[in-house]
$ cat my_file_3.pdb   # PDB, C-alpha atoms
ATOM      1  CA  MET U 276     -22.639  21.905   0.883
ATOM      2  CA  THR U 277     -20.258  20.740  -1.780
ATOM      3  CA  ILE U 278     -17.033  22.014  -3.233
ATOM      4  CA  ALA U 279     -17.267  24.593  -6.007
ATOM      5  CA  SER U 280     -16.244  23.496  -9.477
ATOM      6  CA  SER U 281     -13.292  25.898  -9.659
ATOM      7  CA  THR U 282     -11.931  24.402  -6.431
ATOM      8  CA  GLN U 283     -12.399  20.978  -7.995
ATOM      9  CA  GLN U 284     -10.378  22.092 -10.992
ATOM     10  CA  ILE U 285      -7.564  23.328  -8.771
ATOM     11  CA  CYS U 286      -7.625  20.118  -6.716
ATOM     12  CA  PHE U 287      -7.549  18.024  -9.883
ATOM     13  CA  LEU U 288      -4.578  19.957 -11.271
ATOM     14  CA  VAL U 289      -2.634  19.776  -7.999
ATOM     15  CA  LEU U 290      -3.322  16.060  -7.600
ATOM     16  CA  SER U 291      -2.423  15.268 -11.206
ATOM     17  CA  ALA U 292       0.797  17.245 -10.982
ATOM     18  CA  GLY U 293       1.573  15.436  -7.729
ATOM     19  CA  ILE U 294       0.965  12.063  -9.360
ATOM     20  CA  VAL U 295       3.126  12.833 -12.393
ATOM     21  CA  ILE U 296       6.013  14.341 -10.430
ATOM     22  CA  GLY U 297       5.799  11.682  -7.732
ATOM     23  CA  SER U 298       5.807   8.846 -10.247
ATOM     24  CA  LEU U 299       8.804  10.349 -11.994
ATOM     25  CA  GLY U 300      10.516  10.531  -8.620
ATOM     26  CA  VAL U 301       9.649   6.891  -7.904
ATOM     27  CA  VAL U 302      11.307   5.834 -11.125
ATOM     28  CA  LEU U 303      14.240   8.227 -11.247
ATOM     29  CA  LEU U 304      15.448   8.606  -7.664
ATOM     30  CA  GLU U 305      18.567   6.676  -6.746
ATOM     31  CA  ASN U 306      17.597   5.911  -3.160
ATOM     32  CA  ILE U 307      14.993   3.177  -3.102
ATOM     33  CA  VAL U 308      13.593   4.305   0.260
ATOM     34  CA  TYR U 309      12.718   7.714  -1.161
ATOM     35  CA  SER U 310      11.042   5.926  -4.053
ATOM     36  CA  ALA U 311       8.927   3.860  -1.669
ATOM     37  CA  PHE U 312       7.781   6.888   0.327
ATOM     38  CA  LEU U 313       7.037   8.814  -2.847
ATOM     39  CA  LEU U 314       4.976   5.854  -4.013
ATOM     40  CA  GLY U 315       2.891   6.269  -0.866
ATOM     41  CA  GLY U 316       2.375   9.908  -1.788
ATOM     42  CA  VAL U 317       1.330   8.947  -5.299
ATOM     43  CA  PHE U 318      -1.186   6.460  -3.883
ATOM     44  CA  MET U 319      -2.592   9.200  -1.659
ATOM     45  CA  ALA U 320      -2.946  11.517  -4.636
ATOM     46  CA  VAL U 321      -4.742   8.782  -6.575
ATOM     47  CA  ALA U 322      -7.098   8.424  -3.605
ATOM     48  CA  GLY U 323      -7.738  12.160  -3.879
ATOM     49  CA  LEU U 324      -8.635  11.730  -7.544
ATOM     50  CA  TYR U 325     -11.093   8.985  -6.588
ATOM     51  CA  LEU U 326     -12.679  11.400  -4.118
ATOM     52  CA  LEU U 327     -13.030  13.992  -6.853
ATOM     53  CA  LEU U 328     -14.810  11.336  -8.924
ATOM     54  CA  ASN U 329     -17.368  10.810  -6.116
ATOM     55  CA  ALA U 330     -15.948   7.387  -5.240
ATOM     56  CA  SER U 331     -15.465   7.852  -1.523
ATOM     57  CA  PHE U 332     -15.406   4.133  -0.733
ATOM     58  CA  VAL U 333     -12.791   3.428  -3.383
ATOM     59  CA  ALA U 334     -10.733   6.318  -2.042
ATOM     60  CA  ALA U 335     -10.933   4.934   1.488
ATOM     61  CA  ALA U 336     -10.016   1.466   0.232
ATOM     62  CA  GLN U 337      -7.106   2.953  -1.679
ATOM     63  CA  VAL U 338      -5.771   4.642   1.452
ATOM     64  CA  LEU U 339      -6.337   1.575   3.622
ATOM     65  CA  VAL U 340      -4.995  -1.077   1.286
ATOM     66  CA  TYR U 341      -2.448   0.658  -0.910
ATOM     67  CA  VAL U 342      -1.000   3.273   1.426
ATOM     68  CA  GLY U 343      -1.591   1.373   4.642
ATOM     69  CA  ALA U 344      -0.681  -2.117   3.559
ATOM     70  CA  VAL U 345       0.915  -2.494   0.136
ATOM     71  CA  ASN U 346       3.285   0.409   0.613
ATOM     72  CA  VAL U 347       4.231  -0.916   4.037
ATOM     73  CA  LEU U 348       4.952  -4.271   2.430
ATOM     74  CA  ILE U 349       7.191  -2.570  -0.115
ATOM     75  CA  LEU U 350       9.031  -0.733   2.653
ATOM     76  CA  PHE U 351       9.474  -3.992   4.559
ATOM     77  CA  ALA U 352      10.809  -5.634   1.422
ATOM     78  CA  ILE U 353      13.340  -2.811   1.155
ATOM     79  CA  MET U 354      14.260  -3.332   4.793
ATOM     80  CA  LEU U 355      14.914  -6.980   4.035
ATOM     81  CA  VAL U 356      17.347  -6.042   1.309
ATOM     82  CA  ASN U 357      20.589  -5.266   2.940
ATOM     83  CA  LYS U 358      23.105  -4.402   0.352
ATOM     84  CA  LYS U 359      23.615  -1.125  -1.371
ATOM     85  CA  GLU U 360      25.021  -2.605  -4.498
ATOM     86  CA  ASP U 361      26.771  -0.669  -7.166
ATOM     87  CA  LEU U 362      24.825  -1.299 -10.309
ATOM     88  CA  LYS U 363      26.848  -2.854 -13.056
ATOM     89  CA  PRO U 364      26.579  -1.429 -16.558
ATOM     90  CA  ILE U 365      24.085  -3.410 -18.580
ATOM     91  CA  LYS U 366      25.026  -4.747 -21.968
ATOM     92  CA  GLY U 367      23.292  -3.106 -24.895
ATOM     93  CA  LEU U 368      21.799  -0.324 -22.808
ATOM     94  CA  GLN U 369      21.206   1.967 -25.768
ATOM     95  CA  LEU U 370      19.259  -0.716 -27.619
ATOM     96  CA  ARG U 371      17.192  -1.489 -24.535
ATOM     97  CA  ARG U 372      16.410   2.165 -24.005
ATOM     98  CA  LEU U 373      15.474   2.565 -27.638
ATOM     99  CA  LEU U 374      13.161  -0.446 -27.503
ATOM    100  CA  SER U 375      11.437   0.555 -24.266
ATOM    101  CA  GLY U 376      11.183   4.118 -25.546
ATOM    102  CA  GLY U 377       9.482   2.822 -28.666
ATOM    103  CA  VAL U 378       7.010   0.786 -26.636
ATOM    104  CA  CYS U 379       6.260   3.759 -24.383
ATOM    105  CA  ALA U 380       5.790   6.063 -27.371
ATOM    106  CA  GLY U 381       3.385   3.555 -28.910
ATOM    107  CA  LEU U 382       1.397   3.342 -25.689
ATOM    108  CA  LEU U 383       1.307   7.128 -25.452
ATOM    109  CA  ALA U 384       0.090   7.408 -29.064
ATOM    110  CA  LEU U 385      -2.619   4.854 -28.308
ATOM    111  CA  LEU U 386      -3.751   6.717 -25.206
ATOM    112  CA  ILE U 387      -3.803  10.032 -27.046
ATOM    113  CA  ARG U 388      -5.867   8.469 -29.796
ATOM    114  CA  VAL U 389      -8.326   7.089 -27.247
ATOM    115  CA  ASP U 390      -8.460  10.487 -25.593
ATOM    116  CA  ILE U 391      -9.295  12.229 -28.847
ATOM    117  CA  THR U 392     -11.730   9.743 -30.337
ATOM    118  CA  THR U 393     -13.777   8.972 -27.219
ATOM    119  CA  THR U 394     -16.891  10.995 -26.595
ATOM    120  CA  TRP U 395     -16.432  11.633 -22.903
ATOM    121  CA  LYS U 396     -19.641  13.472 -22.117
ATOM    122  CA  LEU U 397     -22.193  10.715 -21.871
ATOM    123  CA  PRO U 398     -25.451  11.064 -19.974
ATOM    124  CA  GLY U 399     -24.477   8.493 -17.376
ATOM    125  CA  PRO U 400     -26.371   7.739 -14.175
ATOM    126  CA  GLN U 401     -26.500  10.427 -11.538
ATOM    127  CA  ALA U 402     -23.739  10.330  -8.972
ATOM    128  CA  ILE U 403     -25.224   9.009  -5.755
ATOM    129  CA  GLY U 404     -22.616  10.375  -3.395
ATOM    130  CA  GLU U 405     -22.816   8.973   0.114
ATOM    131  CA  GLN U 406     -25.216   6.230  -0.855
ATOM    132  CA  ALA U 407     -22.501   4.586  -2.941
ATOM    133  CA  THR U 408     -21.037   2.573  -0.070
ATOM    134  CA  GLU U 409     -24.476   1.296   0.887
ATOM    135  CA  ARG U 410     -25.128   0.344  -2.725
ATOM    136  CA  ILE U 411     -21.812  -1.510  -2.867
ATOM    137  CA  GLY U 412     -22.809  -3.414   0.256
ATOM    138  CA  GLU U 413     -26.167  -4.387  -1.231
ATOM    139  CA  HIS U 414     -24.578  -5.621  -4.437
ATOM    140  CA  LEU U 415     -21.821  -7.420  -2.568
ATOM    141  CA  PHE U 416     -24.306  -9.452  -0.546
ATOM    142  CA  THR U 417     -26.816 -10.201  -3.273
ATOM    143  CA  ASP U 418     -25.553 -10.606  -6.824
ATOM    144  CA  TYR U 419     -21.822 -10.587  -6.053
ATOM    145  CA  LEU U 420     -22.051 -12.952  -3.132
ATOM    146  CA  LEU U 421     -19.973 -15.771  -4.570
ATOM    147  CA  PRO U 422     -17.021 -13.525  -5.520
ATOM    148  CA  PHE U 423     -17.242 -12.031  -2.040
ATOM    149  CA  GLU U 424     -16.987 -15.412  -0.353
ATOM    150  CA  LEU U 425     -14.299 -16.495  -2.801
ATOM    151  CA  ALA U 426     -12.341 -13.402  -1.822
ATOM    152  CA  SER U 427     -12.124 -14.719   1.719
ATOM    153  CA  VAL U 428     -10.820 -18.055   0.401
ATOM    154  CA  LEU U 429      -8.288 -16.141  -1.685
ATOM    155  CA  LEU U 430      -7.191 -14.219   1.400
ATOM    156  CA  LEU U 431      -6.889 -17.507   3.295
ATOM    157  CA  MET U 432      -4.694 -18.905   0.535
ATOM    158  CA  ALA U 433      -2.564 -15.764   0.499
ATOM    159  CA  MET U 434      -2.089 -15.940   4.243
ATOM    160  CA  ILE U 435      -1.112 -19.610   4.259
ATOM    161  CA  GLY U 436       1.190 -19.128   1.294
ATOM    162  CA  ALA U 437       2.861 -16.149   2.935
ATOM    163  CA  ILE U 438       3.419 -18.045   6.164
ATOM    164  CA  VAL U 439       4.764 -21.112   4.378
ATOM    165  CA  LEU U 440       7.138 -18.975   2.332
ATOM    166  CA  ALA U 441       8.257 -16.822   5.226
ATOM    167  CA  ARG U 442       8.703 -19.622   7.744
ATOM    168  CA  ARG U 443      10.192 -22.145   5.356
ATOM    169  CA  ASP U 444       9.117 -25.089   7.435
ATOM    170  CA  ILE U 445      11.688 -27.757   7.589
ATOM    171  CA  LEU U 446      10.722 -30.259   4.952
ATOM    172  CA  THR U 447      13.388 -32.865   4.528
ATOM    173  CA  ASN U 448      11.679 -34.399   1.527
ATOM    174  CA  ASP U 449      10.346 -32.691  -1.537
ATOM    175  CA  ILE U 450       6.570 -33.081  -1.544
ATOM    176  CA  GLY U 451       6.378 -33.649  -5.286
ATOM    177  CA  THR U 452       9.230 -35.999  -5.985
ATOM    178  CA  GLY U 453      10.093 -37.425  -2.588
ATOM    179  CA  GLU U 454      13.754 -36.561  -2.985
ATOM    180  CA  SER U 455      15.652 -35.111  -0.094
ATOM    181  CA  VAL U 456      15.974 -31.360  -0.052
ATOM    182  CA  LYS U 457      19.304 -29.583  -0.213
ATOM    183  CA  PRO U 458      20.422 -28.559   3.267
ATOM    184  CA  GLY U 459      20.859 -24.968   2.150
ATOM    185  CA  LEU U 460      17.125 -24.605   1.744
ATOM    186  CA  ILE U 461      16.447 -25.386   5.365
ATOM    187  CA  GLU U 462      16.471 -22.259   7.438
ATOM    188  CA  LYS U 463      17.712 -22.215  10.976
ATOM    189  CA  ALA U 464      14.850 -22.497  13.399
ATOM    190  CA  ASN U 465      15.941 -19.716  15.709
ATOM    191  CA  THR U 466      17.138 -16.734  13.785
ATOM    192  CA  PRO U 467      17.380 -13.481  15.704
ATOM    193  CA  LEU U 468      14.978 -10.699  14.870
ATOM    194  CA  LEU U 469      17.748  -8.337  13.939
ATOM    195  CA  ILE U 470      20.446  -9.818  11.800
ATOM    196  CA  ASP U 471      23.596  -8.199  13.065
ATOM    197  CA  LYS U 472      26.199  -8.018  10.364
ATOM    198  CA  SER U 473      29.055  -6.990  12.645
ATOM    199  CA  SER U 474      29.004 -10.236  14.665
ATOM    200  CA  PRO U 475      30.673 -13.203  12.988
TER     201      PRO U 475
ATOM    202  CA  MET N 136     -20.339  17.032 -10.703
ATOM    203  CA  PHE N 137     -19.173  16.594  -7.145
ATOM    204  CA  ALA N 138     -21.884  14.848  -5.171
ATOM    205  CA  LEU N 139     -20.241  14.179  -1.822
ATOM    206  CA  SER N 140     -21.055  16.556   1.011
ATOM    207  CA  GLY N 141     -18.875  17.725   3.851
ATOM    208  CA  TYR N 142     -15.673  17.631   1.857
ATOM    209  CA  ASP N 143     -15.165  21.395   1.973
ATOM    210  CA  ALA N 144     -14.313  20.967   5.642
ATOM    211  CA  PHE N 145     -12.085  18.034   4.673
ATOM    212  CA  LEU N 146     -10.260  20.205   2.162
ATOM    213  CA  GLY N 147      -9.701  22.927   4.747
ATOM    214  CA  PHE N 148      -8.466  20.344   7.226
ATOM    215  CA  LEU N 149      -6.129  18.909   4.606
ATOM    216  CA  LEU N 150      -4.660  22.324   3.827
ATOM    217  CA  ILE N 151      -4.149  23.190   7.505
ATOM    218  CA  SER N 152      -2.589  19.809   8.277
ATOM    219  CA  ALA N 153      -0.289  20.170   5.260
ATOM    220  CA  ALA N 154       0.721  23.609   6.485
ATOM    221  CA  VAL N 155       1.682  22.356   9.952
ATOM    222  CA  PRO N 156       4.886  20.450   9.046
ATOM    223  CA  ILE N 157       5.888  23.035   6.445
ATOM    224  CA  LEU N 158       5.487  25.910   8.919
ATOM    225  CA  ALA N 159       7.253  23.973  11.663
ATOM    226  CA  LEU N 160      10.274  23.251   9.482
ATOM    227  CA  VAL N 161      10.402  26.700   7.891
ATOM    228  CA  THR N 162      10.160  28.618  11.188
ATOM    229  CA  ASN N 163      12.790  26.326  12.643
ATOM    230  CA  LYS N 164      15.049  27.076   9.697
ATOM    231  CA  LEU N 165      14.470  30.816   9.992
ATOM    232  CA  LEU N 166      14.588  31.314  13.744
ATOM    233  CA  ALA N 167      16.919  28.673  15.147
ATOM    234  CA  PRO N 168      20.634  29.427  15.337
ATOM    235  CA  GLN N 169      22.633  27.368  12.867
ATOM    236  CA  SER N 170      25.441  25.295  14.264
ATOM    237  CA  SER N 171      26.895  21.891  13.551
ATOM    238  CA  ALA N 172      29.303  21.629  16.449
ATOM    239  CA  GLY N 173      29.543  18.720  18.871
ATOM    240  CA  GLU N 174      26.566  16.436  18.907
ATOM    241  CA  ARG N 175      24.356  18.530  16.682
ATOM    242  CA  GLU N 176      24.752  16.181  13.742
ATOM    243  CA  LEU N 177      23.563  13.087  15.616
ATOM    244  CA  THR N 178      20.270  11.477  14.711
ATOM    245  CA  TYR N 179      19.003  11.807  18.265
ATOM    246  CA  GLU N 180      20.770  14.704  19.801
ATOM    247  CA  SER N 181      20.074  13.866  23.420
ATOM    248  CA  GLY N 182      19.506  10.153  22.968
ATOM    249  CA  MET N 183      21.781   7.181  22.609
ATOM    250  CA  GLU N 184      24.580   7.286  20.147
ATOM    251  CA  PRO N 185      23.624   5.310  17.055
ATOM    252  CA  ILE N 186      25.877   2.382  16.216
ATOM    253  CA  GLY N 187      26.521   1.459  12.621
ATOM    254  CA  GLY N 188      24.577   2.503   9.569
ATOM    255  CA  ALA N 189      20.835   2.883   9.359
ATOM    256  CA  TRP N 190      20.733   0.539   6.382
ATOM    257  CA  ILE N 191      20.611  -2.876   8.009
ATOM    258  CA  GLN N 192      18.908  -6.071   7.054
ATOM    259  CA  PHE N 193      15.809  -6.980   9.004
ATOM    260  CA  ASN N 194      14.483 -10.436   9.615
ATOM    261  CA  ILE N 195      11.824 -11.809   7.317
ATOM    262  CA  ARG N 196       9.589 -12.247  10.351
ATOM    263  CA  TYR N 197       8.745  -8.559  10.194
ATOM    264  CA  TYR N 198       7.537  -9.129   6.681
ATOM    265  CA  MET N 199       5.216 -11.829   7.908
ATOM    266  CA  PHE N 200       3.558  -9.462  10.362
ATOM    267  CA  ALA N 201       3.053  -7.021   7.520
ATOM    268  CA  LEU N 202       1.501  -9.763   5.382
ATOM    269  CA  VAL N 203      -0.889 -10.801   8.140
ATOM    270  CA  PHE N 204      -1.789  -7.142   8.526
ATOM    271  CA  VAL N 205      -2.503  -6.845   4.800
ATOM    272  CA  ILE N 206      -4.883  -9.793   4.910
ATOM    273  CA  PHE N 207      -6.953  -8.316   7.716
ATOM    274  CA  ASP N 208      -6.779  -4.875   6.167
ATOM    275  CA  VAL N 209      -8.424  -6.233   3.037
ATOM    276  CA  GLU N 210     -10.961  -8.024   5.205
ATOM    277  CA  THR N 211     -11.878  -4.692   6.812
ATOM    278  CA  VAL N 212     -12.383  -3.134   3.399
ATOM    279  CA  PHE N 213     -14.727  -5.953   2.444
ATOM    280  CA  LEU N 214     -16.713  -5.790   5.668
ATOM    281  CA  TYR N 215     -17.191  -2.021   5.709
ATOM    282  CA  PRO N 216     -19.940  -1.904   3.014
ATOM    283  CA  TRP N 217     -21.721  -4.666   4.872
ATOM    284  CA  ALA N 218     -21.658  -2.617   8.061
ATOM    285  CA  VAL N 219     -22.969   0.450   6.221
ATOM    286  CA  ALA N 220     -25.810  -1.447   4.545
ATOM    287  CA  PHE N 221     -26.497  -3.634   7.587
ATOM    288  CA  HIS N 222     -30.097  -2.534   8.168
ATOM    289  CA  LYS N 223     -31.135  -3.121   4.586
ATOM    290  CA  LEU N 224     -29.500  -6.505   4.187
ATOM    291  CA  GLY N 225     -31.020  -8.559   6.971
ATOM    292  CA  LEU N 226     -30.243 -11.946   8.449
ATOM    293  CA  LEU N 227     -28.975 -13.751   5.359
ATOM    294  CA  ALA N 228     -26.221 -11.206   4.790
ATOM    295  CA  PHE N 229     -25.301 -11.488   8.453
ATOM    296  CA  ILE N 230     -24.795 -15.237   8.049
ATOM    297  CA  GLU N 231     -22.819 -14.639   4.846
ATOM    298  CA  ALA N 232     -20.561 -12.181   6.634
ATOM    299  CA  LEU N 233     -20.122 -14.709   9.434
ATOM    300  CA  ILE N 234     -18.992 -17.290   6.859
ATOM    301  CA  PHE N 235     -16.562 -14.741   5.437
ATOM    302  CA  ILE N 236     -15.139 -14.025   8.878
ATOM    303  CA  ALA N 237     -15.034 -17.727   9.748
ATOM    304  CA  ILE N 238     -12.881 -18.515   6.718
ATOM    305  CA  LEU N 239     -10.503 -15.760   7.742
ATOM    306  CA  VAL N 240     -10.505 -16.961  11.331
ATOM    307  CA  VAL N 241      -9.167 -20.221   9.906
ATOM    308  CA  ALA N 242      -6.330 -18.179   8.408
ATOM    309  CA  LEU N 243      -5.735 -16.478  11.745
ATOM    310  CA  ALA N 244      -5.772 -19.830  13.545
ATOM    311  CA  TYR N 245      -3.257 -21.188  11.046
ATOM    312  CA  ALA N 246      -0.983 -18.191  11.582
ATOM    313  CA  TRP N 247      -1.344 -18.605  15.318
ATOM    314  CA  ARG N 248      -0.618 -22.330  15.261
ATOM    315  CA  LYS N 249       2.411 -21.802  13.065
ATOM    316  CA  GLY N 250       3.744 -19.219  15.470
ATOM    317  CA  ALA N 251       3.563 -16.387  12.983
ATOM    318  CA  LEU N 252       2.181 -14.075  15.647
ATOM    319  CA  GLU N 253       4.959 -14.665  18.156
ATOM    320  CA  TRP N 254       8.097 -12.653  18.561
ATOM    321  CA  SER N 255      10.054 -15.438  20.278
TER     322      SER N 255
END
$ encode --input "my_file_3.pdb" --output "structure tokens"
Amino acid sequence: MTIASSTQQICFLVLSAGIVIGSLGVVLLENIVYSAFLLGGVFMAVAGLYLLLNASFVAAAQVLVYVGAVNVLILFAIMLVNKKEDLKPIKGLQLRRLLSGGVCAGLLALLIRVDITTTWKLPGPQAIGEQATERIGEHLFTDYLLPFELASVLLLMAMIGAIVLARRDILTNDIGTGESVKPGLIEKANTPLLIDKSSP
Amino acid sequence: MFALSGYDAFLGFLLISAAVPILALVTNKLLAPQSSAGERELTYESGMEPIGGAWIQFNIRYYMFALVFVIFDVETVFLYPWAVAFHKLGLLAFIEALIFIAILVVALAYAWRKGALEWS
């Protein structure tokens, strides 16, 4: 039993409206925490769109990776930022807005042109529904094997890079030049988990 | 054309689960007496009194846990199609998946050795 097409239409409209409004909120809201949570909502709505397009695996990956991991990373990054700074007025704001508005209008015109000129209804392959994940697995382990294994190496590199950056191991000499590193770069070995601002 | 089956139940579940927080908050707003006296305005009304603002800086170590989580999250996404197509793929794919996991175990071992998994 599948969902009727009118229900699909309603779902599509609700999800699209959610994406548009949520994205506007992400950009326009003053509080960055609200923006981050709204971004999670937008990612969820995008996952819903993937489901409507019969891509259940992509939808699951979207929820797992984007909502579960990337959005959490963004929230953690916000938690690392302490200060609520008052934003200074930027020089030449009108000009900047005009320029970015022009670029956005150009992009919009391009997208509208693509939308009009493309023939969307092509007799593509039949949607395979639940078999899609299995098919992805078969392709991943036969003709996309090397990218698959390279992905693990990429993940390894990301992990090591993240740990090196986050730990900032005490290197007294620069690896490239051999010069001694500024003492300000060396982090204290035992920093508390919660940086208390009230204590001196 | 929607080809996935069983998602009508999912849609119903989604609607009901979306209704739960909305109904809980709305009934609370309608039925509960409104007052802001005493300790009503506290974050945790019958808990400890919060000290300072909620906007504090956290240590970067938390970020590292999140990063390690992201890595293994992505690994799960990669391994799921393999698990689904396991019967069709056979021994060679099993060895390939083992290589994939082994490379990531190296990453885990590195994180472990560097103390990234410890709270200290």
$ closest_residue --input "my_file_3.pdb" --among "U:Gly399, U:Pro422, U:Gly412, U:Gly367" --to "chain N" --atoms "all atoms listed in the file"
U:Gly412
$ resolve_selection --input "my_file_3.pdb" --expression "the PyMOL selection byres ((chain U) within 7 of (chain N))" --output "ChimeraX atom specification"
/U:276-278,327,329,336,339-340,344,348,351,354-357,402-405,408-409,411-413,416,424,427-428,430-431,434-435,437-438,441,468-470
$ resolve_selection --input "my_file_3.pdb" --expression "the PyMOL selection byres ((chain U and resi 299-316) around 12)" --output "VMD selection string"
(chain U and resid 290 to 298 317 to 323 337 to 362) or (chain N and resid 189 to 190)
$ build_atoms --input "my_file_3.pdb" --residues "range 226-247 of chain N" --atoms "N, CA and C atoms" --output "PDB file, in the coordinates of the input"
ATOM      1  N   LEU N 226     -30.881 -10.809   7.780  1.00  0.00           N
ATOM      2  CA  LEU N 226     -30.243 -11.946   8.449  1.00  0.00           C
ATOM      3  C   LEU N 226     -29.320 -12.727   7.533  1.00  0.00           C
ATOM      4  N   LEU N 227     -29.748 -12.917   6.286  1.00  0.00           N
ATOM      5  CA  LEU N 227     -28.975 -13.751   5.359  1.00  0.00           C
ATOM      6  C   LEU N 227     -27.576 -13.179   5.150  1.00  0.00           C
ATOM      7  N   ALA N 228     -27.527 -11.849   4.980  1.00  0.00           N
ATOM      8  CA  ALA N 228     -26.221 -11.206   4.790  1.00  0.00           C
ATOM      9  C   ALA N 228     -25.374 -11.334   6.039  1.00  0.00           C
ATOM     10  N   PHE N 229     -26.039 -11.330   7.195  1.00  0.00           N
ATOM     11  CA  PHE N 229     -25.301 -11.488   8.453  1.00  0.00           C
ATOM     12  C   PHE N 229     -24.619 -12.856   8.484  1.00  0.00           C
ATOM     13  N   ILE N 230     -25.369 -13.883   8.075  1.00  0.00           N
ATOM     14  CA  ILE N 230     -24.795 -15.237   8.049  1.00  0.00           C
ATOM     15  C   ILE N 230     -23.659 -15.305   7.028  1.00  0.00           C
ATOM     16  N   GLU N 231     -23.873 -14.645   5.871  1.00  0.00           N
ATOM     17  CA  GLU N 231     -22.819 -14.639   4.846  1.00  0.00           C
ATOM     18  C   GLU N 231     -21.555 -13.972   5.362  1.00  0.00           C
ATOM     19  N   ALA N 232     -21.737 -12.859   6.069  1.00  0.00           N
ATOM     20  CA  ALA N 232     -20.561 -12.181   6.634  1.00  0.00           C
ATOM     21  C   ALA N 232     -19.885 -13.054   7.681  1.00  0.00           C
ATOM     22  N   LEU N 233     -20.701 -13.804   8.440  1.00  0.00           N
ATOM     23  CA  LEU N 233     -20.122 -14.709   9.434  1.00  0.00           C
ATOM     24  C   LEU N 233     -19.279 -15.782   8.750  1.00  0.00           C
ATOM     25  N   ILE N 234     -19.773 -16.299   7.603  1.00  0.00           N
ATOM     26  CA  ILE N 234     -18.992 -17.290   6.859  1.00  0.00           C
ATOM     27  C   ILE N 234     -17.677 -16.689   6.405  1.00  0.00           C
ATOM     28  N   PHE N 235     -17.768 -15.457   5.895  1.00  0.00           N
ATOM     29  CA  PHE N 235     -16.562 -14.741   5.437  1.00  0.00           C
ATOM     30  C   PHE N 235     -15.549 -14.617   6.567  1.00  0.00           C
ATOM     31  N   ILE N 236     -16.047 -14.199   7.742  1.00  0.00           N
ATOM     32  CA  ILE N 236     -15.139 -14.025   8.878  1.00  0.00           C
ATOM     33  C   ILE N 236     -14.608 -15.376   9.328  1.00  0.00           C
ATOM     34  N   ALA N 237     -15.464 -16.403   9.280  1.00  0.00           N
ATOM     35  CA  ALA N 237     -15.034 -17.727   9.748  1.00  0.00           C
ATOM     36  C   ALA N 237     -13.880 -18.250   8.910  1.00  0.00           C
ATOM     37  N   ILE N 238     -13.970 -18.042   7.586  1.00  0.00           N
ATOM     38  CA  ILE N 238     -12.881 -18.515   6.718  1.00  0.00           C
ATOM     39  C   ILE N 238     -11.590 -17.789   7.064  1.00  0.00           C
ATOM     40  N   LEU N 239     -11.725 -16.501   7.396  1.00  0.00           N
ATOM     41  CA  LEU N 239     -10.503 -15.760   7.742  1.00  0.00           C
ATOM     42  C   LEU N 239     -10.014 -16.075   9.141  1.00  0.00           C
ATOM     43  N   VAL N 240     -10.945 -16.506  10.008  1.00  0.00           N
ATOM     44  CA  VAL N 240     -10.505 -16.961  11.331  1.00  0.00           C
ATOM     45  C   VAL N 240      -9.659 -18.222  11.192  1.00  0.00           C
ATOM     46  N   VAL N 241     -10.005 -19.052  10.195  1.00  0.00           N
ATOM     47  CA  VAL N 241      -9.167 -20.221   9.906  1.00  0.00           C
ATOM     48  C   VAL N 241      -7.745 -19.770   9.572  1.00  0.00           C
ATOM     49  N   ALA N 242      -7.651 -18.703   8.759  1.00  0.00           N
ATOM     50  CA  ALA N 242      -6.330 -18.179   8.408  1.00  0.00           C
ATOM     51  C   ALA N 242      -5.598 -17.683   9.646  1.00  0.00           C
ATOM     52  N   LEU N 243      -6.352 -16.988  10.515  1.00  0.00           N
ATOM     53  CA  LEU N 243      -5.735 -16.478  11.745  1.00  0.00           C
ATOM     54  C   LEU N 243      -5.274 -17.631  12.626  1.00  0.00           C
ATOM     55  N   ALA N 244      -6.124 -18.674  12.722  1.00  0.00           N
ATOM     56  CA  ALA N 244      -5.772 -19.830  13.545  1.00  0.00           C
ATOM     57  C   ALA N 244      -4.521 -20.500  12.996  1.00  0.00           C
ATOM     58  N   TYR N 245      -4.444 -20.583  11.671  1.00  0.00           N
ATOM     59  CA  TYR N 245      -3.257 -21.188  11.046  1.00  0.00           C
ATOM     60  C   TYR N 245      -2.007 -20.382  11.389  1.00  0.00           C
ATOM     61  N   ALA N 246      -2.134 -19.049  11.269  1.00  0.00           N
ATOM     62  CA  ALA N 246      -0.983 -18.191  11.582  1.00  0.00           C
ATOM     63  C   ALA N 246      -0.584 -18.347  13.039  1.00  0.00           C
ATOM     64  N   TRP N 247      -1.601 -18.467  13.889  1.00  0.00           N
ATOM     65  CA  TRP N 247      -1.344 -18.605  15.318  1.00  0.00           C
ATOM     66  C   TRP N 247      -0.647 -19.929  15.613  1.00  0.00           C
TER      67      TRP N 247
END
